[in-house]
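Undergrad: Enclosed is the structure file target-v6.cif (mmCIF, N, CA, C and O atoms).
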data_data
#
loop_
_atom_site.label_atom_id
_atom_site.label_comp_id
_atom_site.auth_asym_id
_atom_site.auth_seq_id
_atom_site.Cartn_x
_atom_site.Cartn_y
_atom_site.Cartn_z
N MET A 227 -6.37 -16.65 28.42
CA MET A 227 -5.02 -17.13 28.37
C MET A 227 -4.32 -16.69 29.65
O MET A 227 -4.55 -15.62 30.16
N SER A 228 -3.42 -17.52 30.15
CA SER A 228 -2.71 -17.24 31.39
C SER A 228 -1.22 -17.37 31.16
O SER A 228 -0.77 -18.09 30.28
N ASP A 229 -0.44 -16.64 31.97
CA ASP A 229 1.02 -16.73 31.84
C ASP A 229 1.59 -17.75 32.82
O ASP A 229 2.78 -17.82 33.04
N GLY A 230 0.74 -18.57 33.44
CA GLY A 230 1.18 -19.59 34.38
C GLY A 230 1.11 -19.13 35.82
O GLY A 230 1.16 -19.92 36.74
N SER A 231 0.97 -17.84 36.07
CA SER A 231 0.91 -17.32 37.44
C SER A 231 -0.53 -17.15 37.91
O SER A 231 -0.75 -16.68 39.01
N GLY A 232 -1.46 -17.53 37.08
CA GLY A 232 -2.86 -17.34 37.43
C GLY A 232 -3.39 -16.00 36.95
O GLY A 232 -4.57 -15.75 36.95
N GLU A 233 -2.50 -15.12 36.56
CA GLU A 233 -2.89 -13.81 36.05
C GLU A 233 -3.11 -13.92 34.54
O GLU A 233 -2.42 -14.67 33.87
N PRO A 234 -4.05 -13.17 34.01
CA PRO A 234 -4.22 -13.20 32.55
C PRO A 234 -2.96 -12.66 31.87
O PRO A 234 -2.31 -11.76 32.38
N ALA A 235 -2.63 -13.26 30.74
CA ALA A 235 -1.46 -12.80 29.98
C ALA A 235 -1.76 -11.42 29.42
O ALA A 235 -2.87 -11.13 28.99
N VAL A 236 -0.75 -10.58 29.45
CA VAL A 236 -0.90 -9.23 28.93
C VAL A 236 -0.17 -9.18 27.59
O VAL A 236 1.00 -9.55 27.51
N GLU A 237 -0.89 -8.75 26.58
CA GLU A 237 -0.25 -8.63 25.27
C GLU A 237 0.69 -7.45 25.27
O GLU A 237 0.40 -6.41 25.86
N ALA A 238 1.83 -7.64 24.62
CA ALA A 238 2.78 -6.54 24.52
C ALA A 238 2.17 -5.45 23.67
O ALA A 238 1.46 -5.73 22.69
N PRO A 239 2.41 -4.19 24.03
CA PRO A 239 1.87 -3.11 23.20
C PRO A 239 2.53 -3.15 21.82
O PRO A 239 3.65 -3.64 21.68
N PRO A 240 1.83 -2.66 20.82
CA PRO A 240 2.44 -2.66 19.49
C PRO A 240 3.72 -1.84 19.48
O PRO A 240 3.83 -0.84 20.19
N VAL A 241 4.67 -2.29 18.71
CA VAL A 241 5.95 -1.58 18.62
C VAL A 241 5.77 -0.40 17.68
O VAL A 241 5.34 -0.57 16.54
N ALA A 242 6.10 0.79 18.17
CA ALA A 242 5.95 2.00 17.35
C ALA A 242 6.79 1.89 16.10
O ALA A 242 7.97 1.57 16.16
N GLY A 243 6.19 2.12 14.98
CA GLY A 243 6.91 2.10 13.71
C GLY A 243 6.81 0.78 12.98
O GLY A 243 7.03 0.73 11.79
N ARG A 244 6.49 -0.31 13.69
CA ARG A 244 6.39 -1.60 13.02
C ARG A 244 5.26 -1.55 12.00
O ARG A 244 4.20 -1.02 12.27
N GLY A 245 5.51 -2.09 10.83
CA GLY A 245 4.51 -2.07 9.78
C GLY A 245 4.53 -0.80 8.95
O GLY A 245 3.75 -0.66 8.02
N VAL A 246 5.44 0.12 9.28
CA VAL A 246 5.56 1.36 8.50
C VAL A 246 6.72 1.19 7.53
O VAL A 246 7.81 0.81 7.92
N ARG A 247 6.44 1.46 6.25
CA ARG A 247 7.47 1.32 5.22
C ARG A 247 7.67 2.67 4.55
O ARG A 247 6.72 3.29 4.08
N ILE A 248 8.93 3.10 4.54
CA ILE A 248 9.27 4.40 3.95
C ILE A 248 10.16 4.16 2.74
O ILE A 248 11.10 3.37 2.80
N VAL A 249 9.85 4.84 1.66
CA VAL A 249 10.70 4.83 0.48
C VAL A 249 11.10 6.27 0.19
O VAL A 249 10.24 7.15 0.10
N VAL A 250 12.40 6.49 0.09
CA VAL A 250 12.92 7.81 -0.24
C VAL A 250 13.58 7.71 -1.61
O VAL A 250 14.52 6.95 -1.79
N GLU A 251 13.06 8.46 -2.54
CA GLU A 251 13.62 8.49 -3.89
C GLU A 251 14.39 9.80 -4.01
O GLU A 251 13.82 10.87 -3.80
N TYR A 252 15.69 9.69 -4.32
CA TYR A 252 16.49 10.92 -4.36
C TYR A 252 17.47 10.92 -5.53
O TYR A 252 17.81 9.88 -6.08
N CYS A 253 17.91 12.12 -5.87
CA CYS A 253 18.86 12.35 -6.96
C CYS A 253 20.28 12.23 -6.40
O CYS A 253 20.73 13.11 -5.67
N LYS A 254 20.95 11.12 -6.73
CA LYS A 254 22.32 10.93 -6.23
C LYS A 254 23.31 11.91 -6.87
O LYS A 254 24.13 12.49 -6.16
N PRO A 255 23.25 12.13 -8.20
CA PRO A 255 24.20 13.10 -8.80
C PRO A 255 24.04 14.51 -8.24
O PRO A 255 24.97 15.31 -8.30
N CYS A 256 22.87 14.82 -7.67
CA CYS A 256 22.64 16.15 -7.08
C CYS A 256 23.30 16.28 -5.71
O CYS A 256 23.27 17.36 -5.12
N GLY A 257 23.83 15.17 -5.18
CA GLY A 257 24.45 15.22 -3.87
C GLY A 257 23.46 15.03 -2.72
O GLY A 257 23.74 15.41 -1.59
N PHE A 258 22.29 14.42 -3.00
CA PHE A 258 21.26 14.29 -1.98
C PHE A 258 21.40 13.03 -1.13
O PHE A 258 20.61 12.81 -0.22
N GLU A 259 22.41 12.20 -1.42
CA GLU A 259 22.58 10.98 -0.64
C GLU A 259 22.84 11.28 0.84
O GLU A 259 22.30 10.62 1.72
N SER A 260 23.62 12.32 1.12
CA SER A 260 23.90 12.67 2.52
C SER A 260 22.62 13.09 3.24
O SER A 260 22.43 12.77 4.41
N ALA A 261 21.73 13.81 2.54
CA ALA A 261 20.45 14.20 3.15
C ALA A 261 19.62 12.96 3.45
O ALA A 261 18.97 12.87 4.50
N TYR A 262 19.64 11.99 2.53
CA TYR A 262 18.92 10.73 2.75
C TYR A 262 19.48 10.00 3.97
O TYR A 262 18.72 9.56 4.85
N LEU A 263 20.80 9.86 4.04
CA LEU A 263 21.43 9.12 5.14
C LEU A 263 21.16 9.79 6.49
O LEU A 263 20.87 9.12 7.48
N GLU A 264 21.20 11.11 6.52
CA GLU A 264 20.92 11.87 7.74
C GLU A 264 19.47 11.62 8.19
O GLU A 264 19.21 11.37 9.36
N LEU A 265 18.56 11.68 7.24
CA LEU A 265 17.15 11.46 7.53
C LEU A 265 16.90 10.01 7.97
O LEU A 265 16.19 9.77 8.96
N ALA A 266 17.50 9.05 7.27
CA ALA A 266 17.33 7.64 7.60
C ALA A 266 17.85 7.35 9.00
O ALA A 266 17.21 6.63 9.78
N ASN A 267 18.99 7.93 9.37
CA ASN A 267 19.54 7.73 10.72
C ASN A 267 18.62 8.30 11.79
O ASN A 267 18.41 7.69 12.83
N ALA A 268 18.07 9.49 11.54
CA ALA A 268 17.15 10.12 12.49
C ALA A 268 15.89 9.27 12.67
O ALA A 268 15.41 9.07 13.78
N VAL A 269 15.37 8.72 11.56
CA VAL A 269 14.17 7.88 11.61
C VAL A 269 14.47 6.61 12.39
O VAL A 269 13.71 6.22 13.28
N LYS A 270 15.58 5.95 12.09
CA LYS A 270 15.94 4.69 12.76
C LYS A 270 16.20 4.89 14.25
O LYS A 270 15.94 4.00 15.05
N GLU A 271 16.71 6.06 14.60
CA GLU A 271 16.96 6.37 16.01
C GLU A 271 15.64 6.45 16.77
O GLU A 271 15.52 5.96 17.88
N GLU A 272 14.66 7.08 16.14
CA GLU A 272 13.34 7.28 16.77
C GLU A 272 12.47 6.02 16.65
O GLU A 272 11.75 5.67 17.58
N TYR A 273 12.52 5.38 15.48
CA TYR A 273 11.68 4.21 15.18
C TYR A 273 12.53 3.10 14.58
O TYR A 273 12.57 2.93 13.36
N PRO A 274 13.22 2.31 15.42
CA PRO A 274 14.12 1.27 14.91
C PRO A 274 13.44 0.21 14.05
O PRO A 274 14.09 -0.43 13.23
N ASP A 275 12.12 0.01 14.22
CA ASP A 275 11.42 -1.04 13.47
C ASP A 275 10.85 -0.58 12.14
O ASP A 275 10.24 -1.37 11.42
N VAL A 276 11.04 0.68 11.80
CA VAL A 276 10.56 1.18 10.51
C VAL A 276 11.44 0.62 9.40
O VAL A 276 12.65 0.54 9.53
N GLU A 277 10.79 0.22 8.32
CA GLU A 277 11.51 -0.25 7.15
C GLU A 277 11.73 0.97 6.24
O GLU A 277 10.78 1.64 5.86
N ILE A 278 12.99 1.28 5.96
CA ILE A 278 13.30 2.44 5.12
C ILE A 278 14.18 2.01 3.96
O ILE A 278 15.13 1.27 4.13
N GLU A 279 13.80 2.45 2.78
CA GLU A 279 14.47 2.03 1.55
C GLU A 279 14.77 3.26 0.71
O GLU A 279 14.01 4.22 0.73
N SER A 280 15.86 3.20 -0.03
CA SER A 280 16.17 4.31 -0.94
C SER A 280 16.10 3.83 -2.38
O SER A 280 16.33 2.66 -2.67
N ARG A 281 15.75 4.76 -3.24
CA ARG A 281 15.72 4.52 -4.69
C ARG A 281 16.34 5.73 -5.36
O ARG A 281 16.15 6.86 -4.90
N LEU A 282 17.01 5.48 -6.46
CA LEU A 282 17.55 6.60 -7.22
C LEU A 282 16.43 7.26 -8.00
O LEU A 282 15.62 6.58 -8.62
N GLY A 283 16.40 8.59 -7.93
CA GLY A 283 15.34 9.34 -8.60
C GLY A 283 15.91 10.27 -9.65
O GLY A 283 17.13 10.33 -9.86
N GLY A 284 15.05 11.02 -10.26
CA GLY A 284 15.44 11.95 -11.30
C GLY A 284 16.09 13.21 -10.75
O GLY A 284 16.20 13.41 -9.54
N THR A 285 16.50 14.07 -11.64
CA THR A 285 17.19 15.31 -11.28
C THR A 285 16.36 16.14 -10.32
O THR A 285 15.19 16.44 -10.59
N GLY A 286 16.96 16.49 -9.19
CA GLY A 286 16.31 17.34 -8.20
C GLY A 286 15.35 16.63 -7.26
O GLY A 286 14.77 17.25 -6.38
N ALA A 287 15.19 15.31 -7.43
CA ALA A 287 14.19 14.58 -6.65
C ALA A 287 14.66 14.30 -5.23
O ALA A 287 15.82 13.97 -4.99
N PHE A 288 13.74 14.43 -4.29
CA PHE A 288 13.87 13.95 -2.91
C PHE A 288 12.43 13.73 -2.46
O PHE A 288 11.80 14.62 -1.88
N GLU A 289 11.89 12.56 -2.83
CA GLU A 289 10.47 12.27 -2.63
C GLU A 289 10.36 11.20 -1.54
O GLU A 289 11.12 10.23 -1.55
N ILE A 290 9.41 11.36 -0.64
CA ILE A 290 9.26 10.42 0.47
C ILE A 290 7.84 9.85 0.46
O ILE A 290 6.86 10.60 0.46
N GLU A 291 7.77 8.51 0.45
CA GLU A 291 6.49 7.81 0.55
C GLU A 291 6.45 7.06 1.87
O GLU A 291 7.45 6.48 2.28
N ILE A 292 5.31 7.08 2.51
CA ILE A 292 5.07 6.24 3.69
C ILE A 292 3.92 5.32 3.35
O ILE A 292 2.83 5.78 2.98
N ASN A 293 4.20 4.01 3.41
CA ASN A 293 3.20 2.99 3.08
C ASN A 293 2.54 3.27 1.72
O ASN A 293 1.34 3.14 1.57
N GLY A 294 3.37 3.68 0.75
CA GLY A 294 2.88 3.89 -0.61
C GLY A 294 2.25 5.24 -0.88
O GLY A 294 1.85 5.53 -2.01
N GLN A 295 2.15 6.10 0.13
CA GLN A 295 1.54 7.42 -0.05
C GLN A 295 2.62 8.49 -0.05
O GLN A 295 3.42 8.57 0.89
N LEU A 296 2.66 9.31 -1.10
CA LEU A 296 3.62 10.40 -1.17
C LEU A 296 3.31 11.41 -0.08
O LEU A 296 2.21 11.97 -0.03
N VAL A 297 4.28 11.63 0.83
CA VAL A 297 4.06 12.59 1.91
C VAL A 297 4.96 13.81 1.80
O VAL A 297 4.73 14.81 2.46
N PHE A 298 6.01 13.71 0.96
CA PHE A 298 6.88 14.87 0.78
C PHE A 298 7.48 14.83 -0.61
O PHE A 298 7.90 13.78 -1.09
N SER A 299 7.57 16.00 -1.24
CA SER A 299 8.18 16.12 -2.56
C SER A 299 9.04 17.37 -2.62
O SER A 299 8.53 18.48 -2.52
N LYS A 300 10.34 17.17 -2.78
CA LYS A 300 11.23 18.32 -2.96
C LYS A 300 10.93 19.01 -4.28
O LYS A 300 11.07 20.23 -4.39
N LEU A 301 10.50 18.24 -5.26
CA LEU A 301 10.16 18.84 -6.56
C LEU A 301 9.00 19.83 -6.41
O LEU A 301 8.95 20.83 -7.12
N GLU A 302 8.10 19.57 -5.46
CA GLU A 302 6.97 20.48 -5.22
C GLU A 302 7.34 21.59 -4.24
O GLU A 302 6.89 22.71 -4.38
N ASN A 303 8.14 21.25 -3.20
CA ASN A 303 8.41 22.19 -2.11
C ASN A 303 9.71 22.96 -2.25
O ASN A 303 9.89 23.97 -1.58
N GLY A 304 10.64 22.46 -3.04
CA GLY A 304 11.89 23.18 -3.27
C GLY A 304 12.94 23.01 -2.20
O GLY A 304 14.03 23.56 -2.32
N GLY A 305 12.68 22.27 -1.16
CA GLY A 305 13.67 22.07 -0.09
C GLY A 305 13.59 20.66 0.44
O GLY A 305 13.01 19.78 -0.19
N PHE A 306 14.18 20.46 1.60
CA PHE A 306 14.17 19.16 2.25
C PHE A 306 13.22 19.21 3.45
O PHE A 306 13.01 20.27 4.04
N PRO A 307 12.66 18.05 3.83
CA PRO A 307 11.72 18.05 4.96
C PRO A 307 12.44 18.27 6.28
O PRO A 307 13.62 17.93 6.42
N TYR A 308 11.73 18.83 7.23
CA TYR A 308 12.23 18.89 8.60
C TYR A 308 12.06 17.50 9.20
O TYR A 308 11.01 16.87 9.01
N GLU A 309 13.08 17.03 9.92
CA GLU A 309 13.02 15.69 10.50
C GLU A 309 11.80 15.53 11.40
O GLU A 309 11.13 14.50 11.36
N LYS A 310 11.50 16.57 12.20
CA LYS A 310 10.37 16.46 13.14
C LYS A 310 9.05 16.23 12.40
O LYS A 310 8.18 15.52 12.90
N ASP A 311 8.90 16.80 11.20
CA ASP A 311 7.67 16.61 10.44
C ASP A 311 7.56 15.17 9.93
O ASP A 311 6.48 14.58 9.93
N LEU A 312 8.69 14.60 9.50
CA LEU A 312 8.68 13.22 9.04
C LEU A 312 8.44 12.26 10.22
O LEU A 312 7.66 11.32 10.09
N ILE A 313 9.06 12.54 11.35
CA ILE A 313 8.86 11.71 12.55
C ILE A 313 7.38 11.73 12.95
O ILE A 313 6.81 10.69 13.30
N GLU A 314 6.75 12.89 12.87
CA GLU A 314 5.32 13.01 13.19
C GLU A 314 4.49 12.20 12.20
O GLU A 314 3.53 11.52 12.58
N ALA A 315 4.84 12.24 10.91
CA ALA A 315 4.11 11.46 9.90
C ALA A 315 4.25 9.96 10.17
O ALA A 315 3.29 9.20 10.02
N ILE A 316 5.43 9.53 10.59
CA ILE A 316 5.65 8.11 10.92
C ILE A 316 4.81 7.73 12.14
O ILE A 316 4.20 6.66 12.18
N ARG A 317 4.75 8.62 13.13
CA ARG A 317 3.94 8.35 14.32
C ARG A 317 2.48 8.15 13.92
O ARG A 317 1.82 7.21 14.35
N ARG A 318 2.00 9.04 13.05
CA ARG A 318 0.61 8.95 12.58
C ARG A 318 0.39 7.63 11.85
O ARG A 318 -0.61 6.95 12.08
N ALA A 319 1.32 7.27 10.96
CA ALA A 319 1.18 6.02 10.20
C ALA A 319 1.19 4.81 11.12
O ALA A 319 0.41 3.88 10.93
N SER A 320 2.06 4.81 12.12
CA SER A 320 2.14 3.66 13.02
C SER A 320 0.91 3.54 13.91
O SER A 320 0.59 2.46 14.38
N ASN A 321 0.19 4.64 14.09
CA ASN A 321 -1.06 4.62 14.87
C ASN A 321 -2.29 4.41 13.98
O ASN A 321 -3.42 4.45 14.47
N GLY A 322 -2.07 4.25 12.68
CA GLY A 322 -3.18 4.04 11.76
C GLY A 322 -3.96 5.30 11.44
O GLY A 322 -5.06 5.25 10.92
N GLU A 323 -3.37 6.47 11.76
CA GLU A 323 -4.04 7.74 11.48
C GLU A 323 -3.80 8.13 10.02
O GLU A 323 -2.81 7.72 9.42
N PRO A 324 -4.68 8.96 9.46
CA PRO A 324 -4.47 9.40 8.08
C PRO A 324 -3.22 10.27 7.96
O PRO A 324 -2.89 11.03 8.88
N LEU A 325 -2.54 10.13 6.85
CA LEU A 325 -1.33 10.92 6.61
C LEU A 325 -1.67 12.19 5.86
O LEU A 325 -2.53 12.21 5.00
N GLU A 326 -0.96 13.24 6.21
CA GLU A 326 -1.11 14.51 5.51
C GLU A 326 0.22 14.81 4.84
O GLU A 326 1.28 14.47 5.35
N LYS A 327 0.15 15.47 3.71
CA LYS A 327 1.37 15.82 3.00
C LYS A 327 2.16 16.86 3.80
O LYS A 327 1.58 17.79 4.37
N ILE A 328 3.47 16.67 3.85
CA ILE A 328 4.36 17.62 4.52
C ILE A 328 4.61 18.76 3.53
O ILE A 328 5.10 18.53 2.43
N THR A 329 4.24 19.98 3.94
CA THR A 329 4.36 21.10 3.02
C THR A 329 5.47 22.07 3.41
O THR A 329 5.89 22.90 2.62
N LYS A 330 5.95 21.96 4.67
CA LYS A 330 7.05 22.83 5.09
C LYS A 330 8.36 22.18 4.69
O LYS A 330 8.50 20.97 4.75
N SER A 331 9.32 23.00 4.29
CA SER A 331 10.62 22.44 3.96
C SER A 331 11.71 23.45 4.29
O SER A 331 11.49 24.65 4.28
N ARG A 332 12.88 22.89 4.60
CA ARG A 332 14.04 23.76 4.83
C ARG A 332 14.74 23.93 3.49
O ARG A 332 14.79 23.00 2.68
N PRO A 333 15.27 25.11 3.23
CA PRO A 333 15.90 25.33 1.94
C PRO A 333 17.13 24.46 1.78
O PRO A 333 17.81 24.13 2.75
N PRO A 334 17.40 24.04 0.54
CA PRO A 334 18.62 23.27 0.32
C PRO A 334 19.84 24.15 0.57
O PRO A 334 19.76 25.37 0.43
N CYS A 335 20.93 23.53 0.94
CA CYS A 335 22.17 24.29 1.18
C CYS A 335 22.63 24.91 -0.15
O CYS A 335 22.58 24.27 -1.19
N VAL A 336 23.07 26.12 -0.06
CA VAL A 336 23.59 26.80 -1.24
C VAL A 336 25.03 27.19 -0.94
O VAL A 336 25.29 27.85 0.05
N ILE A 337 25.93 26.75 -1.78
CA ILE A 337 27.33 27.12 -1.63
C ILE A 337 27.62 28.25 -2.60
O ILE A 337 27.42 28.13 -3.79
N LEU A 338 28.04 29.36 -2.04
CA LEU A 338 28.31 30.54 -2.88
C LEU A 338 29.71 30.54 -3.39
O LEU A 338 30.62 30.09 -2.79
#
Render the structure in this file as structure tokens.
TA:
Amino acid sequence: MSDGSGEPAVEAPPVAGRGVRIVVEYCKPCGFESAYLELANAVKEEYPDVEIESRLGGTGAFEIEINGQLVFSKLENGGFPYEKDLIEAIRRASNGEPLEKITKSRPPCVIL
């Protein structure tokens, strides 16, 4: 294939994040919507083509799936994920690499 200049056409590199679908299930009555919005904004800033969706979850829930695979669970870890860990998981997913569960978490805010 040629682009008309006699040179072979160069395919555009794949767009990072395209084809990656994230679902975040969170407890709205627990006040976790702000954590979801903060995380969603950070993801969209880094990977504008990622599809991110929210679902209402049960008490204490903040669960994150990438392409149908659970990669983070607040119910298991007790806190919220670090943005850098989620960004790394998205990078792996967009490159077709296997996903690993995020096990590190930052503690939830506690108001005394």
Undergrad: Provide the atom O of Tyr308 (chain A) to CA of Thr285 (chain A) distance in Å, to one decimal place.
TA: 21.3 Å
Undergrad: In Å, rounded to a single decimal, give me how far atom C of Glu289 (chain A) is from CA of Glu314 (chain A).
TA: 15.7 Å
Undergrad: Skipping near chain neighbours, those fewer than 4 positions away, what residues fall within 8 Å of Ser299 (chain A) using only N, CA, C and O atoms, listed as a ChimeraX atom specification?
TA: /A:251,286-291,303-307,327-331
Undergrad: How many Å separate CA of Arg332 (chain A) from atom N of Val249 (chain A)?
TA: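 Separating CA of Arg332 (chain A) from atom N of Val249 (chain A) is a distance of 19.6 Å.
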Undergrad: Translate the PyMOL selection byres ((chain A and resi 246) around 6) into a concrete residue list for this structure, as a short mmCIF file (atom, residue, chain, number, x, y, z; two decimals) with N, CA, C and O atoms, in the frame of the given file.
TA:
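Written output follows (expr-v8.cif):
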data_model
loop_
_atom_site.label_atom_id
_atom_site.label_comp_id
_atom_site.auth_asym_id
_atom_site.auth_seq_id
_atom_site.Cartn_x
_atom_site.Cartn_y
_atom_site.Cartn_z
N GLY A 243 6.19 2.12 14.98
CA GLY A 243 6.91 2.10 13.71
C GLY A 243 6.81 0.78 12.98
O GLY A 243 7.03 0.73 11.79
N ARG A 244 6.49 -0.31 13.69
CA ARG A 244 6.39 -1.60 13.02
C ARG A 244 5.26 -1.55 12.00
O ARG A 244 4.20 -1.02 12.27
N GLY A 245 5.51 -2.09 10.83
CA GLY A 245 4.51 -2.07 9.78
C GLY A 245 4.53 -0.80 8.95
O GLY A 245 3.75 -0.66 8.02
N ARG A 247 6.44 1.46 6.25
CA ARG A 247 7.47 1.32 5.22
C ARG A 247 7.67 2.67 4.55
O ARG A 247 6.72 3.29 4.08
N ILE A 248 8.93 3.10 4.54
CA ILE A 248 9.27 4.40 3.95
C ILE A 248 10.16 4.16 2.74
O ILE A 248 11.10 3.37 2.80
N ASP A 275 12.12 0.01 14.22
CA ASP A 275 11.42 -1.04 13.47
C ASP A 275 10.85 -0.58 12.14
O ASP A 275 10.24 -1.37 11.42
N VAL A 276 11.04 0.68 11.80
CA VAL A 276 10.56 1.18 10.51
C VAL A 276 11.44 0.62 9.40
O VAL A 276 12.65 0.54 9.53
N GLU A 277 10.79 0.22 8.32
CA GLU A 277 11.51 -0.25 7.15
C GLU A 277 11.73 0.97 6.24
O GLU A 277 10.78 1.64 5.86
N ILE A 278 12.99 1.28 5.96
CA ILE A 278 13.30 2.44 5.12
C ILE A 278 14.18 2.01 3.96
O ILE A 278 15.13 1.27 4.13
N ASN A 293 4.20 4.01 3.41
CA ASN A 293 3.20 2.99 3.08
C ASN A 293 2.54 3.27 1.72
O ASN A 293 1.34 3.14 1.57
#
Undergrad: Looking only at strand (DSSP E or B) from DSSP on the backbone, list the matching residues of chain A as a PyMOL selection string.
TA: chain A and resi 228+234+247-252+277-282+288-292+295-299+306+332
Undergrad: Just write the chosen residues, N, CA, C and O atoms, as a JSON list (two decimals), in the coordinates of the input.
TA:
[["chain", "number", "residue", "atom", "x", "y", "z"],
["A", 228, "SER", "N", -3.42, -17.52, 30.15],
["A", 228, "SER", "CA", -2.71, -17.24, 31.39],
["A", 228, "SER", "C", -1.22, -17.37, 31.16],
["A", 228, "SER", "O", -0.77, -18.09, 30.28],
["A", 234, "PRO", "N", -4.05, -13.17, 34.01],
["A", 234, "PRO", "CA", -4.22, -13.20, 32.55],
["A", 234, "PRO", "C", -2.96, -12.66, 31.87],
["A", 234, "PRO", "O", -2.31, -11.76, 32.38],
["A", 247, "ARG", "N", 6.44, 1.46, 6.25],
["A", 247, "ARG", "CA", 7.47, 1.32, 5.22],
["A", 247, "ARG", "C", 7.67, 2.67, 4.55],
["A", 247, "ARG", "O", 6.72, 3.29, 4.08],
["A", 248, "ILE", "N", 8.93, 3.10, 4.54],
["A", 248, "ILE", "CA", 9.27, 4.40, 3.95],
["A", 248, "ILE", "C", 10.16, 4.16, 2.74],
["A", 248, "ILE", "O", 11.10, 3.37, 2.80],
["A", 249, "VAL", "N", 9.85, 4.84, 1.66],
["A", 249, "VAL", "CA", 10.70, 4.83, 0.48],
["A", 249, "VAL", "C", 11.10, 6.27, 0.19],
["A", 249, "VAL", "O", 10.24, 7.15, 0.10],
["A", 250, "VAL", "N", 12.40, 6.49, 0.09],
["A", 250, "VAL", "CA", 12.92, 7.81, -0.24],
["A", 250, "VAL", "C", 13.58, 7.71, -1.61],
["A", 250, "VAL", "O", 14.52, 6.95, -1.79],
["A", 251, "GLU", "N", 13.06, 8.46, -2.54],
["A", 251, "GLU", "CA", 13.62, 8.49, -3.89],
["A", 251, "GLU", "C", 14.39, 9.80, -4.01],
["A", 251, "GLU", "O", 13.82, 10.87, -3.80],
["A", 252, "TYR", "N", 15.69, 9.69, -4.32],
["A", 252, "TYR", "CA", 16.49, 10.92, -4.36],
["A", 252, "TYR", "C", 17.47, 10.92, -5.53],
["A", 252, "TYR", "O", 17.81, 9.88, -6.08],
["A", 277, "GLU", "N", 10.79, 0.22, 8.32],
["A", 277, "GLU", "CA", 11.51, -0.25, 7.15],
["A", 277, "GLU", "C", 11.73, 0.97, 6.24],
["A", 277, "GLU", "O", 10.78, 1.64, 5.86],
["A", 278, "ILE", "N", 12.99, 1.28, 5.96],
["A", 278, "ILE", "CA", 13.30, 2.44, 5.12],
["A", 278, "ILE", "C", 14.18, 2.01, 3.96],
["A", 278, "ILE", "O", 15.13, 1.27, 4.13],
["A", 279, "GLU", "N", 13.80, 2.45, 2.78],
["A", 279, "GLU", "CA", 14.47, 2.03, 1.55],
["A", 279, "GLU", "C", 14.77, 3.26, 0.71],
["A", 279, "GLU", "O", 14.01, 4.22, 0.73],
["A", 280, "SER", "N", 15.86, 3.20, -0.03],
["A", 280, "SER", "CA", 16.17, 4.31, -0.94],
["A", 280, "SER", "C", 16.10, 3.83, -2.38],
["A", 280, "SER", "O", 16.33, 2.66, -2.67],
["A", 281, "ARG", "N", 15.75, 4.76, -3.24],
["A", 281, "ARG", "CA", 15.72, 4.52, -4.69],
["A", 281, "ARG", "C", 16.34, 5.73, -5.36],
["A", 281, "ARG", "O", 16.15, 6.86, -4.90],
["A", 282, "LEU", "N", 17.01, 5.48, -6.46],
["A", 282, "LEU", "CA", 17.55, 6.60, -7.22],
["A", 282, "LEU", "C", 16.43, 7.26, -8.00],
["A", 282, "LEU", "O", 15.62, 6.58, -8.62],
["A", 288, "PHE", "N", 13.74, 14.43, -4.29],
["A", 288, "PHE", "CA", 13.87, 13.95, -2.91],
["A", 288, "PHE", "C", 12.43, 13.73, -2.46],
["A", 288, "PHE", "O", 11.80, 14.62, -1.88],
["A", 289, "GLU", "N", 11.89, 12.56, -2.83],
["A", 289, "GLU", "CA", 10.47, 12.27, -2.63],
["A", 289, "GLU", "C", 10.36, 11.20, -1.54],
["A", 289, "GLU", "O", 11.12, 10.23, -1.55],
["A", 290, "ILE", "N", 9.41, 11.36, -0.64],
["A", 290, "ILE", "CA", 9.26, 10.42, 0.47],
["A", 290, "ILE", "C", 7.84, 9.85, 0.46],
["A", 290, "ILE", "O", 6.86, 10.60, 0.46],
["A", 291, "GLU", "N", 7.77, 8.51, 0.45],
["A", 291, "GLU", "CA", 6.49, 7.81, 0.55],
["A", 291, "GLU", "C", 6.45, 7.06, 1.87],
["A", 291, "GLU", "O", 7.45, 6.48, 2.28],
["A", 292, "ILE", "N", 5.31, 7.08, 2.51],
["A", 292, "ILE", "CA", 5.07, 6.24, 3.69],
["A", 292, "ILE", "C", 3.92, 5.32, 3.35],
["A", 292, "ILE", "O", 2.83, 5.78, 2.98],
["A", 295, "GLN", "N", 2.15, 6.10, 0.13],
["A", 295, "GLN", "CA", 1.54, 7.42, -0.05],
["A", 295, "GLN", "C", 2.62, 8.49, -0.05],
["A", 295, "GLN", "O", 3.42, 8.57, 0.89],
["A", 296, "LEU", "N", 2.66, 9.31, -1.10],
["A", 296, "LEU", "CA", 3.62, 10.40, -1.17],
["A", 296, "LEU", "C", 3.31, 11.41, -0.08],
["A", 296, "LEU", "O", 2.21, 11.97, -0.03],
["A", 297, "VAL", "N", 4.28, 11.63, 0.83],
["A", 297, "VAL", "CA", 4.06, 12.59, 1.91],
["A", 297, "VAL", "C", 4.96, 13.81, 1.80],
["A", 297, "VAL", "O", 4.73, 14.81, 2.46],
["A", 298, "PHE", "N", 6.01, 13.71, 0.96],
["A", 298, "PHE", "CA", 6.88, 14.87, 0.78],
["A", 298, "PHE", "C", 7.48, 14.83, -0.61],
["A", 298, "PHE", "O", 7.90, 13.78, -1.09],
["A", 299, "SER", "N", 7.57, 16.00, -1.24],
["A", 299, "SER", "CA", 8.18, 16.12, -2.56],
["A", 299, "SER", "C", 9.04, 17.37, -2.62],
["A", 299, "SER", "O", 8.53, 18.48, -2.52],
["A", 306, "PHE", "N", 14.18, 20.46, 1.60],
["A", 306, "PHE", "CA", 14.17, 19.16, 2.25],
["A", 306, "PHE", "C", 13.22, 19.21, 3.45],
["A", 306, "PHE", "O", 13.01, 20.27, 4.04],
["A", 332, "ARG", "N", 12.88, 22.89, 4.60],
["A", 332, "ARG", "CA", 14.04, 23.76, 4.83],
["A", 332, "ARG", "C", 14.74, 23.93, 3.49],
["A", 332, "ARG", "O", 14.79, 23.00, 2.68]]
Undergrad: Ranking A:Gly283, A:Arg318, A:Gln295, A:Ile313 by minimum distance to Ala266 (chain A) and counting only C-alpha atoms, which one comes first?
TA: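 Smallest distance to Ala266 (chain A) is found for A:Ile313.
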